[in-house]
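Only one structure is covered here, and it is reproduced in the block below.
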Amino acid sequence: MDLQFVTLDVFTSKRLEGNPLAVVSVPASLKDKLPQATKQKIAAEFNLSETVFLHEAEDPQQEHRNIDIFTIEREIPFAGHPTIGSAVLSKYHLHPHVHTLITKAGPIGLVPQPGNRIRAQIPHNVHLHARTLAAAFGDSGNTSPRPYPGLSPDPEIRAAELGAPVFSVVRGMTFVLVRLASLELLARVTSAARLDFDGLPAPLLDEGWRDSFVCRYYYVDVGSEGEGERSVRARMVELGFEDPATGSAASALASYLTLKEERKGTKFRVTQGVEMGRTSDIRVETTTREVEGGGVELVDLWLGGTAVVVMKGTLTVDI
């Protein structure tokens, strides 16, 4: 079986920056002939943070396309840079009439923007979990110099990890949102240690939410920019590697900060990948409404960015 693929660098307009993504086109005639196990092996072969399988429609004029998103280890319901990369590829290179991508998390509406940018309306089902890492490790985790393998060896970063909120943007995508005090601390974050979230002494996630990808997302507030944007520098380090851009984590962070700090719709600019030489520019915008009791709830969650094509080729697999 021969399948066409494209790689793109996402959340950047410069090739060899941003976050690389592979998108494999699956003809409608082959949809039921490409098993899950083979998709997983293909994702492992590309060895990128995510690989997308873009399913062509039986009717080419259909205004939606289904996508499957795989890490090197598992399928996930939603991820940011696969969404933006697939949207740019579909809207500006393959199918200008397509207005929606269908993910396992739900449909994602696409709005074209100047400069080959995409604004994607992200499905969300946000949830703040009751436990922190400190609670999952037990009270002794606050005083032990190394409370558990996988936490940072730096005492200040480790303390921030232990107390960080744990937040899901949809079921299946969860982030430990680790706020750090300075860019100097952010630069000291390391990918050397991998935290086994499934092996913690107590479950980190609430009942009903435990079938989830989980990782740590480190960030530093760097002030406001023009047009009222809240600017953040971030790093995602997990699975033994660093991710140059994590749109799902940026979406989770923006949702959390909107609900817990801003308490109103807010624009965010998240810059990621700087420390590894792959600068990525992620835009997130939220809208809210007031609820009884003086609180707010999230209404809309928009993820924005662009991507550039880097490689095109043919993938041959034995089925």
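Chain identifiers are assigned as A, B, and so on, following the order in which chains appear in the structure tokens; residues are numbered from 1 within each chain, and ligands are numbered from 1 in order of appearance.
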
inquiry  = as a PyMOL selection string, please: every residue in region 138-275 of chain A that a backbone DSSP assignment puts in strand (DSSP E).
reply    = chain A and resi 166-170+173-179+213-224+230-238+241-243+267-272

With a cut-off of 12 Å, could you pull out the residues of region 51-92 of chain A touching region 210-228 of chain A and give me the nearest pair of atoms for each, distance in Å to one decimal, using only C-alpha atoms, ordered by chain and ascending number, as CSV?
```
residue,atom,partner,partner_atom,distance
A:Phe70,CA,A:Phe213,CA,11.4
A:Thr71,CA,A:Phe213,CA,10.0
A:Glu73,CA,A:Phe213,CA,10.2
A:Arg74,CA,A:Phe213,CA,8.8
A:Glu75,CA,A:Phe213,CA,9.5
A:Ile76,CA,A:Phe213,CA,7.4
A:Pro77,CA,A:Ser212,CA,9.4
A:Phe78,CA,A:Phe213,CA,10.3
A:Ala79,CA,A:Phe213,CA,10.6
```

inquiry  = Can you tell me which residues surround region 103-118 of chain A at a distance of at most 10 Å, considering only C-alpha atoms, apart from same-chain residues fewer than 5 positions away, and format the answer as a VMD selection string?
reply    = chain A and resid 11 to 13 64 to 69 75 to 79 83 to 85 87 to 89 91 to 92 96 98 123 to 125 170 to 173 302 to 308

For the residues selected in the previous step, produce a file with C-alpha atoms as a short mmCIF file (atom, residue, chain, number, x, y, z; two decimals), in the first residue's frame.
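Writing the result to result.cif gives the following:
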```cif
data_model
loop_
_atom_site.label_atom_id
_atom_site.label_comp_id
_atom_site.auth_asym_id
_atom_site.auth_seq_id
_atom_site.Cartn_x
_atom_site.Cartn_y
_atom_site.Cartn_z
CA PHE A 11 3.27 27.42 14.59
CA THR A 12 5.89 29.11 12.46
CA SER A 13 6.30 30.66 9.03
CA HIS A 64 -15.25 18.30 6.41
CA ARG A 65 -12.41 15.83 6.80
CA ASN A 66 -11.76 13.28 9.57
CA ILE A 67 -8.34 13.14 11.19
CA ASP A 68 -6.73 10.62 13.56
CA ILE A 69 -3.89 11.85 15.77
CA GLU A 75 -3.81 7.66 19.71
CA ILE A 76 -5.03 10.87 21.35
CA PRO A 77 -8.38 12.66 20.92
CA PHE A 78 -7.00 16.14 20.24
CA ALA A 79 -3.72 17.98 19.91
CA THR A 83 -4.94 20.48 14.24
CA ILE A 84 -3.30 23.65 12.94
CA GLY A 85 -0.93 21.74 10.62
CA ALA A 87 -5.93 22.72 8.81
CA VAL A 88 -3.27 24.71 6.93
CA LEU A 89 -2.55 21.74 4.66
CA LYS A 91 -7.33 24.81 3.60
CA TYR A 92 -4.40 26.27 1.71
CA PRO A 96 -9.98 25.18 0.15
CA VAL A 98 -13.12 22.32 3.79
CA PRO A 123 -13.91 21.57 21.39
CA HIS A 124 -13.48 21.70 25.14
CA ASN A 125 -14.63 19.99 28.30
CA VAL A 170 -10.89 17.67 27.04
CA ARG A 171 -11.19 14.13 28.33
CA GLY A 172 -7.96 12.42 27.43
CA MET A 173 -5.67 15.49 27.40
CA TRP A 302 -9.87 29.47 19.68
CA LEU A 303 -6.39 28.25 18.72
CA GLY A 304 -4.45 30.16 16.07
CA GLY A 305 -1.29 29.70 14.06
CA THR A 306 0.22 28.86 10.72
CA ALA A 307 2.45 26.17 9.19
CA VAL A 308 4.80 25.66 6.26
#
```

Taking the chain letters and numbering used in this document, name the residues of region 76-129 of chain A that DSSP puts in alpha helix (DSSP H), as a PDB file with N, CA and C atoms, in the first residue's frame.
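Final file, part03.pdb:
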```pdb
ATOM      1  N   GLY A  80      -2.967  20.242  19.533  1.00  0.00           N
ATOM      2  CA  GLY A  80      -3.012  21.541  18.880  1.00  0.00           C
ATOM      3  C   GLY A  80      -2.240  21.638  17.586  1.00  0.00           C
ATOM      4  N   HIS A  81      -0.955  21.233  17.616  1.00  0.00           N
ATOM      5  CA  HIS A  81      -0.186  21.438  16.388  1.00  0.00           C
ATOM      6  C   HIS A  81      -0.623  20.493  15.272  1.00  0.00           C
ATOM      7  N   PRO A  82      -1.110  19.275  15.553  1.00  0.00           N
ATOM      8  CA  PRO A  82      -1.711  18.481  14.479  1.00  0.00           C
ATOM      9  C   PRO A  82      -2.970  19.126  13.887  1.00  0.00           C
ATOM     10  N   THR A  83      -3.755  19.800  14.734  1.00  0.00           N
ATOM     11  CA  THR A  83      -4.944  20.483  14.236  1.00  0.00           C
ATOM     12  C   THR A  83      -4.573  21.628  13.313  1.00  0.00           C
ATOM     13  N   ILE A  84      -3.674  22.489  13.754  1.00  0.00           N
ATOM     14  CA  ILE A  84      -3.296  23.648  12.936  1.00  0.00           C
ATOM     15  C   ILE A  84      -2.560  23.195  11.673  1.00  0.00           C
ATOM     16  N   GLY A  85      -1.649  22.225  11.801  1.00  0.00           N
ATOM     17  CA  GLY A  85      -0.930  21.743  10.617  1.00  0.00           C
ATOM     18  C   GLY A  85      -1.866  21.116   9.595  1.00  0.00           C
ATOM     19  N   SER A  86      -2.780  20.276  10.060  1.00  0.00           N
ATOM     20  CA  SER A  86      -3.737  19.632   9.149  1.00  0.00           C
ATOM     21  C   SER A  86      -4.668  20.665   8.531  1.00  0.00           C
ATOM     22  N   ALA A  87      -5.044  21.675   9.316  1.00  0.00           N
ATOM     23  CA  ALA A  87      -5.926  22.718   8.805  1.00  0.00           C
ATOM     24  C   ALA A  87      -5.248  23.548   7.719  1.00  0.00           C
ATOM     25  N   VAL A  88      -4.000  23.940   7.946  1.00  0.00           N
ATOM     26  CA  VAL A  88      -3.266  24.707   6.934  1.00  0.00           C
ATOM     27  C   VAL A  88      -3.087  23.882   5.666  1.00  0.00           C
ATOM     28  N   LEU A  89      -2.722  22.601   5.827  1.00  0.00           N
ATOM     29  CA  LEU A  89      -2.545  21.741   4.663  1.00  0.00           C
ATOM     30  C   LEU A  89      -3.852  21.601   3.889  1.00  0.00           C
TER      31      LEU A  89
END
```

ask   = Quick one: distance from CA of Pro60 (chain A) to CA of Ile319 (chain A) in Å, one decimal?
value =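 Computing the Euclidean distance for CA of Pro60 (chain A) and CA of Ile319 (chain A) yields 25.2 Å.
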
inquiry  = Would you pick out the contacts of Ala159 (chain A) at 10 Å or less, using only C-alpha atoms, so that residues sharing its chain but fewer than 3 positions from it are not included, and give the list as a VMD selection string?
reply    = chain A and resid 133 to 134 141 to 143 151 to 152 154 to 156 162 to 164 178 180

Could you save those same residues with all heavy atoms as a compact mmCIF listing (two decimals), in the first residue's frame?
```txt
# COMPACT_ATOMS: atom_id res chain seq x y z
N LEU A 133 0.36 16.99 42.27
CA LEU A 133 1.40 15.95 42.38
C LEU A 133 1.79 15.72 43.83
O LEU A 133 2.07 14.58 44.23
CB LEU A 133 2.62 16.34 41.55
CG LEU A 133 2.52 16.08 40.05
CD1 LEU A 133 3.70 16.71 39.32
CD2 LEU A 133 2.46 14.58 39.76
N ALA A 134 1.80 16.78 44.64
CA ALA A 134 2.13 16.60 46.06
C ALA A 134 1.15 15.64 46.71
O ALA A 134 1.55 14.75 47.49
CB ALA A 134 2.12 17.95 46.77
N GLY A 141 6.12 14.10 50.16
CA GLY A 141 6.70 14.62 48.93
C GLY A 141 7.12 16.06 49.02
O GLY A 141 7.96 16.52 48.25
N ASN A 142 6.55 16.83 49.95
CA ASN A 142 6.91 18.24 50.06
C ASN A 142 8.27 18.46 50.70
O ASN A 142 8.84 19.52 50.59
CB ASN A 142 5.83 18.98 50.88
CG ASN A 142 4.54 19.15 50.10
OD1 ASN A 142 4.56 19.64 48.99
ND2 ASN A 142 3.44 18.72 50.70
N THR A 143 8.77 17.48 51.45
CA THR A 143 10.02 17.69 52.19
C THR A 143 11.17 16.85 51.66
O THR A 143 12.33 17.18 51.86
CB THR A 143 9.81 17.38 53.67
OG1 THR A 143 9.34 16.03 53.80
CG2 THR A 143 8.77 18.34 54.27
N LEU A 151 10.66 13.87 38.89
CA LEU A 151 10.54 15.28 39.22
C LEU A 151 11.88 15.98 39.03
O LEU A 151 12.94 15.35 39.01
CB LEU A 151 10.04 15.46 40.65
CG LEU A 151 8.59 15.07 40.92
CD1 LEU A 151 8.22 15.42 42.35
CD2 LEU A 151 7.64 15.74 39.95
N SER A 152 11.83 17.28 38.90
CA SER A 152 13.05 18.05 38.67
C SER A 152 14.00 17.93 39.86
O SER A 152 13.57 17.97 41.01
CB SER A 152 12.71 19.52 38.44
OG SER A 152 13.89 20.30 38.35
N ASP A 154 15.98 20.28 40.57
CA ASP A 154 16.10 21.65 41.05
C ASP A 154 15.01 21.90 42.11
O ASP A 154 13.82 21.75 41.82
CB ASP A 154 15.92 22.61 39.88
CG ASP A 154 16.12 24.06 40.27
OD1 ASP A 154 15.29 24.58 41.04
OD2 ASP A 154 17.09 24.68 39.80
N PRO A 155 15.38 22.27 43.35
CA PRO A 155 14.38 22.39 44.42
C PRO A 155 13.26 23.37 44.09
O PRO A 155 12.10 23.11 44.42
CB PRO A 155 15.20 22.86 45.61
CG PRO A 155 16.61 22.46 45.31
CD PRO A 155 16.75 22.53 43.83
N GLU A 156 13.57 24.49 43.45
CA GLU A 156 12.55 25.49 43.17
C GLU A 156 11.58 24.99 42.10
O GLU A 156 10.36 25.18 42.21
CB GLU A 156 13.20 26.81 42.74
CG GLU A 156 12.25 27.99 42.79
CD GLU A 156 12.98 29.32 42.64
OE1 GLU A 156 14.22 29.34 42.70
OE2 GLU A 156 12.29 30.33 42.46
N LEU A 162 5.21 20.17 42.30
CA LEU A 162 4.38 19.52 43.32
C LEU A 162 3.09 20.27 43.59
O LEU A 162 2.06 19.67 43.88
CB LEU A 162 5.18 19.37 44.61
CG LEU A 162 6.27 18.30 44.59
CD1 LEU A 162 7.22 18.46 45.77
CD2 LEU A 162 5.66 16.91 44.58
N GLY A 163 3.13 21.59 43.49
CA GLY A 163 1.94 22.39 43.81
C GLY A 163 1.12 22.82 42.62
O GLY A 163 0.12 23.51 42.79
N ALA A 164 1.51 22.42 41.42
CA ALA A 164 0.85 22.92 40.21
C ALA A 164 -0.55 22.34 40.04
O ALA A 164 -0.79 21.17 40.34
CB ALA A 164 1.71 22.59 38.99
N VAL A 178 2.71 24.17 35.36
CA VAL A 178 3.76 24.53 36.32
C VAL A 178 4.21 25.97 36.07
O VAL A 178 4.92 26.26 35.11
CB VAL A 178 4.96 23.57 36.21
CG1 VAL A 178 5.98 23.89 37.30
CG2 VAL A 178 4.51 22.12 36.30
N LEU A 180 6.46 29.07 36.74
CA LEU A 180 7.78 29.38 37.26
C LEU A 180 7.96 30.89 37.35
O LEU A 180 7.31 31.66 36.64
CB LEU A 180 8.86 28.77 36.35
CG LEU A 180 8.84 27.24 36.23
CD1 LEU A 180 9.90 26.76 35.26
CD2 LEU A 180 9.03 26.57 37.60
```

So which residues touch Glu262 (chain A) within 12 Å, counting only C-alpha atoms, skipping near sequence neighbours fewer than 3 positions away, as a tab-separated table (two decimals) with N, CA and C atoms, in the first residue's frame?
```
chain	number	residue	atom	x	y	z
A	228	GLY	N	-3.87	44.00	23.99
A	228	GLY	CA	-4.32	43.38	25.22
A	228	GLY	C	-3.97	41.92	25.37
A	229	GLU	N	-3.01	41.42	24.61
A	229	GLU	CA	-2.62	40.01	24.72
A	229	GLU	C	-1.81	39.77	25.98
A	230	ARG	N	-2.09	38.67	26.65
A	230	ARG	CA	-1.26	38.21	27.76
A	230	ARG	C	-0.18	37.30	27.18
A	253	LEU	N	-3.78	25.85	29.25
A	253	LEU	CA	-3.27	26.93	30.09
A	253	LEU	C	-4.13	28.18	29.95
A	254	ALA	N	-4.45	28.55	28.72
A	254	ALA	CA	-5.28	29.73	28.50
A	254	ALA	C	-6.65	29.57	29.15
A	255	SER	N	-7.22	28.38	29.06
A	255	SER	CA	-8.53	28.12	29.68
A	255	SER	C	-8.44	28.26	31.19
A	256	TYR	N	-7.40	27.67	31.78
A	256	TYR	CA	-7.22	27.73	33.23
A	256	TYR	C	-7.03	29.18	33.70
A	257	LEU	N	-6.14	29.92	33.03
A	257	LEU	CA	-5.88	31.30	33.44
A	257	LEU	C	-7.11	32.18	33.24
A	258	THR	N	-7.87	31.90	32.19
A	258	THR	CA	-9.11	32.65	31.96
A	258	THR	C	-10.08	32.45	33.12
A	259	LEU	N	-10.26	31.20	33.52
A	259	LEU	CA	-11.26	30.89	34.55
A	259	LEU	C	-10.80	31.27	35.95
A	265	GLY	N	-13.06	36.86	28.93
A	265	GLY	CA	-12.42	36.45	27.69
A	265	GLY	C	-11.09	37.16	27.50
A	266	THR	N	-10.08	36.41	27.05
A	266	THR	CA	-8.72	36.94	27.01
A	266	THR	C	-7.98	36.39	25.79
A	267	LYS	N	-7.08	37.21	25.24
A	267	LYS	CA	-6.17	36.77	24.18
A	267	LYS	C	-4.82	36.43	24.80
A	268	PHE	N	-4.25	35.31	24.35
A	268	PHE	CA	-2.95	34.86	24.85
A	268	PHE	C	-2.00	34.66	23.67
A	286	THR	N	-9.99	33.19	24.29
A	286	THR	CA	-11.12	32.61	25.01
A	286	THR	C	-12.27	33.62	25.08
A	287	THR	N	-13.49	33.11	25.17
A	287	THR	CA	-14.64	33.93	25.54
A	287	THR	C	-15.33	33.24	26.71
A	288	THR	N	-16.03	34.04	27.51
A	288	THR	CA	-16.66	33.52	28.72
A	288	THR	C	-18.07	34.09	28.86
A	295	GLY	N	-19.51	33.45	39.24
A	295	GLY	CA	-18.41	32.82	38.53
A	295	GLY	C	-18.50	33.03	37.03
A	296	VAL	N	-17.55	32.46	36.30
A	296	VAL	CA	-17.55	32.49	34.84
A	296	VAL	C	-17.34	31.08	34.32
A	297	GLU	N	-17.83	30.83	33.12
A	297	GLU	CA	-17.57	29.57	32.45
A	297	GLU	C	-17.05	29.84	31.05
A	298	LEU	N	-16.29	28.89	30.55
A	298	LEU	CA	-15.69	29.02	29.23
A	298	LEU	C	-16.74	28.79	28.16
```

inquiry  = Can you tell me which residues surround Gln61 (chain A) at a distance of at most 12 Å, considering only C-alpha atoms, apart from same-chain residues fewer than 5 positions away, and format the answer as a PyMOL selection string?
reply    = chain A and resi 56+94-99

Output file for the selection above: N, CA and C atoms, as a short mmCIF file (atom, residue, chain, number, x, y, z; two decimals), in the first residue's frame:
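Result saved to out.cif:
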```
data_model
loop_
_atom_site.label_atom_id
_atom_site.label_comp_id
_atom_site.auth_asym_id
_atom_site.auth_seq_id
_atom_site.Cartn_x
_atom_site.Cartn_y
_atom_site.Cartn_z
N GLU A 56 -9.45 11.10 3.36
CA GLU A 56 -10.14 11.72 2.24
C GLU A 56 -11.59 11.27 2.22
N LEU A 94 -4.80 21.70 -0.20
CA LEU A 94 -5.53 20.56 -0.75
C LEU A 94 -7.01 20.84 -1.01
N HIS A 95 -7.72 21.36 -0.03
CA HIS A 95 -9.18 21.45 -0.11
C HIS A 95 -9.65 22.79 0.44
N PRO A 96 -9.58 23.87 -0.35
CA PRO A 96 -9.98 25.18 0.15
C PRO A 96 -11.43 25.25 0.65
N HIS A 97 -12.28 24.33 0.18
CA HIS A 97 -13.68 24.35 0.58
C HIS A 97 -13.94 23.68 1.93
N VAL A 98 -12.94 23.01 2.50
CA VAL A 98 -13.12 22.32 3.79
C VAL A 98 -13.15 23.35 4.92
N HIS A 99 -14.20 23.26 5.75
CA HIS A 99 -14.37 24.21 6.85
C HIS A 99 -14.30 23.57 8.23
#
```

query = For Ala136 (chain A), which residue among A:Glu292, A:Glu275, A:Asp198, A:Asp281 is the nearest when counting only C-alpha atoms?
reply =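 Ranking A:Glu292, A:Glu275, A:Asp198, A:Asp281 by distance to Ala136 (chain A), first place goes to A:Asp198.
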
note = Of A:Ala181, A:Val169, A:Ala192, A:Ala130, the one sitting nearest Leu239 (chain A) when using only C-alpha atoms is A:Ala192

query = Which residues, written as a PyMOL selection string, have at least one atom at most 8 Å from region 15-22 of chain A, with only C-alpha atoms counted and residues fewer than 2 positions away on the same chain left out?
reply = chain A and resi 5-13+24+46+48-52+81-82+85+243-245+273+277-281+308-310

Selection to disk with N, CA, C and O atoms, as a short mmCIF file (atom, residue, chain, number, x, y, z; two decimals), in the first residue's frame:
```cif
data_model
loop_
_atom_site.label_atom_id
_atom_site.label_comp_id
_atom_site.auth_asym_id
_atom_site.auth_seq_id
_atom_site.Cartn_x
_atom_site.Cartn_y
_atom_site.Cartn_z
N PHE A 5 2.39 11.40 1.88
CA PHE A 5 2.54 12.14 3.12
C PHE A 5 3.18 13.50 2.87
O PHE A 5 3.86 13.72 1.87
N VAL A 6 2.94 14.39 3.81
CA VAL A 6 3.54 15.72 3.82
C VAL A 6 4.04 15.98 5.24
O VAL A 6 3.38 15.58 6.21
N THR A 7 5.19 16.62 5.37
CA THR A 7 5.58 17.12 6.69
C THR A 7 5.51 18.64 6.66
O THR A 7 5.78 19.28 5.64
N LEU A 8 5.11 19.19 7.79
CA LEU A 8 5.01 20.63 7.94
C LEU A 8 5.68 21.04 9.25
O LEU A 8 5.75 20.25 10.20
N ASP A 9 6.19 22.26 9.27
CA ASP A 9 6.60 22.88 10.53
C ASP A 9 5.47 23.80 10.95
O ASP A 9 5.04 24.68 10.19
N VAL A 10 4.97 23.58 12.16
CA VAL A 10 3.72 24.19 12.62
C VAL A 10 4.01 25.25 13.68
O VAL A 10 4.95 25.14 14.46
N PHE A 11 3.15 26.25 13.72
CA PHE A 11 3.27 27.42 14.59
C PHE A 11 4.50 28.24 14.24
O PHE A 11 5.16 28.82 15.11
N THR A 12 4.79 28.29 12.96
CA THR A 12 5.89 29.11 12.46
C THR A 12 5.68 29.35 10.97
O THR A 12 5.01 28.57 10.29
N SER A 13 6.27 30.41 10.48
CA SER A 13 6.30 30.66 9.03
C SER A 13 7.70 30.42 8.48
O SER A 13 7.96 30.68 7.30
N VAL A 24 -0.39 12.02 6.90
CA VAL A 24 -0.51 10.92 5.93
C VAL A 24 -1.94 10.95 5.38
O VAL A 24 -2.91 10.88 6.13
N PHE A 46 7.80 7.66 11.85
CA PHE A 46 8.11 9.09 11.69
C PHE A 46 8.83 9.62 12.92
O PHE A 46 9.65 10.54 12.82
N LEU A 48 7.93 11.55 15.32
CA LEU A 48 7.65 12.94 15.68
C LEU A 48 6.69 12.95 16.86
O LEU A 48 6.13 11.93 17.23
N SER A 49 6.49 14.11 17.45
CA SER A 49 5.60 14.16 18.62
C SER A 49 4.20 13.70 18.24
O SER A 49 3.53 13.04 19.03
N GLU A 50 3.73 14.04 17.03
CA GLU A 50 2.45 13.51 16.53
C GLU A 50 2.51 13.28 15.04
O GLU A 50 3.25 13.97 14.31
N THR A 51 1.71 12.33 14.60
CA THR A 51 1.46 12.06 13.18
C THR A 51 -0.05 12.04 12.98
O THR A 51 -0.79 11.48 13.79
N VAL A 52 -0.50 12.66 11.90
CA VAL A 52 -1.93 12.74 11.59
C VAL A 52 -2.24 11.86 10.39
O VAL A 52 -1.48 11.80 9.42
N HIS A 81 -0.96 21.23 17.62
CA HIS A 81 -0.19 21.44 16.39
C HIS A 81 -0.62 20.49 15.27
O HIS A 81 -0.61 20.89 14.10
N PRO A 82 -1.11 19.27 15.55
CA PRO A 82 -1.71 18.48 14.48
C PRO A 82 -2.97 19.13 13.89
O PRO A 82 -3.22 19.03 12.68
N GLY A 85 -1.65 22.22 11.80
CA GLY A 85 -0.93 21.74 10.62
C GLY A 85 -1.87 21.12 9.60
O GLY A 85 -1.77 21.39 8.39
N ASP A 243 8.94 19.14 23.50
CA ASP A 243 8.06 19.44 22.38
C ASP A 243 8.21 20.91 22.01
O ASP A 243 8.06 21.77 22.89
N PRO A 244 8.49 21.24 20.75
CA PRO A 244 8.69 22.65 20.38
C PRO A 244 7.43 23.50 20.48
O PRO A 244 7.52 24.72 20.65
N ALA A 245 6.25 22.89 20.32
CA ALA A 245 4.99 23.64 20.40
C ALA A 245 3.88 22.67 20.78
O ALA A 245 3.75 21.62 20.15
N GLY A 273 9.48 26.62 22.54
CA GLY A 273 10.54 26.08 21.70
C GLY A 273 11.79 26.92 21.60
O GLY A 273 12.72 26.56 20.87
N GLY A 277 15.82 26.02 20.00
CA GLY A 277 16.08 26.58 18.68
C GLY A 277 14.98 26.37 17.67
O GLY A 277 15.23 26.45 16.47
N ARG A 278 13.74 26.12 18.14
CA ARG A 278 12.61 25.93 17.22
C ARG A 278 11.44 26.82 17.71
O ARG A 278 10.39 26.32 18.10
N THR A 279 11.66 28.11 17.67
CA THR A 279 10.68 29.05 18.20
C THR A 279 9.32 28.87 17.55
O THR A 279 9.20 28.78 16.33
N SER A 280 8.28 28.81 18.40
CA SER A 280 6.91 28.60 17.94
C SER A 280 6.02 29.70 18.50
O SER A 280 6.16 30.09 19.65
N ASP A 281 5.09 30.16 17.67
CA ASP A 281 4.19 31.25 18.01
C ASP A 281 2.76 30.72 18.04
O ASP A 281 2.18 30.42 16.99
N VAL A 308 4.18 25.67 7.58
CA VAL A 308 4.80 25.66 6.26
C VAL A 308 5.16 24.22 5.87
O VAL A 308 5.60 23.43 6.71
N VAL A 309 4.94 23.89 4.61
CA VAL A 309 5.29 22.55 4.11
C VAL A 309 6.80 22.44 3.97
O VAL A 309 7.47 23.34 3.47
N VAL A 310 7.33 21.29 4.41
CA VAL A 310 8.77 21.05 4.37
C VAL A 310 9.10 19.89 3.42
O VAL A 310 9.99 20.01 2.57
#
```
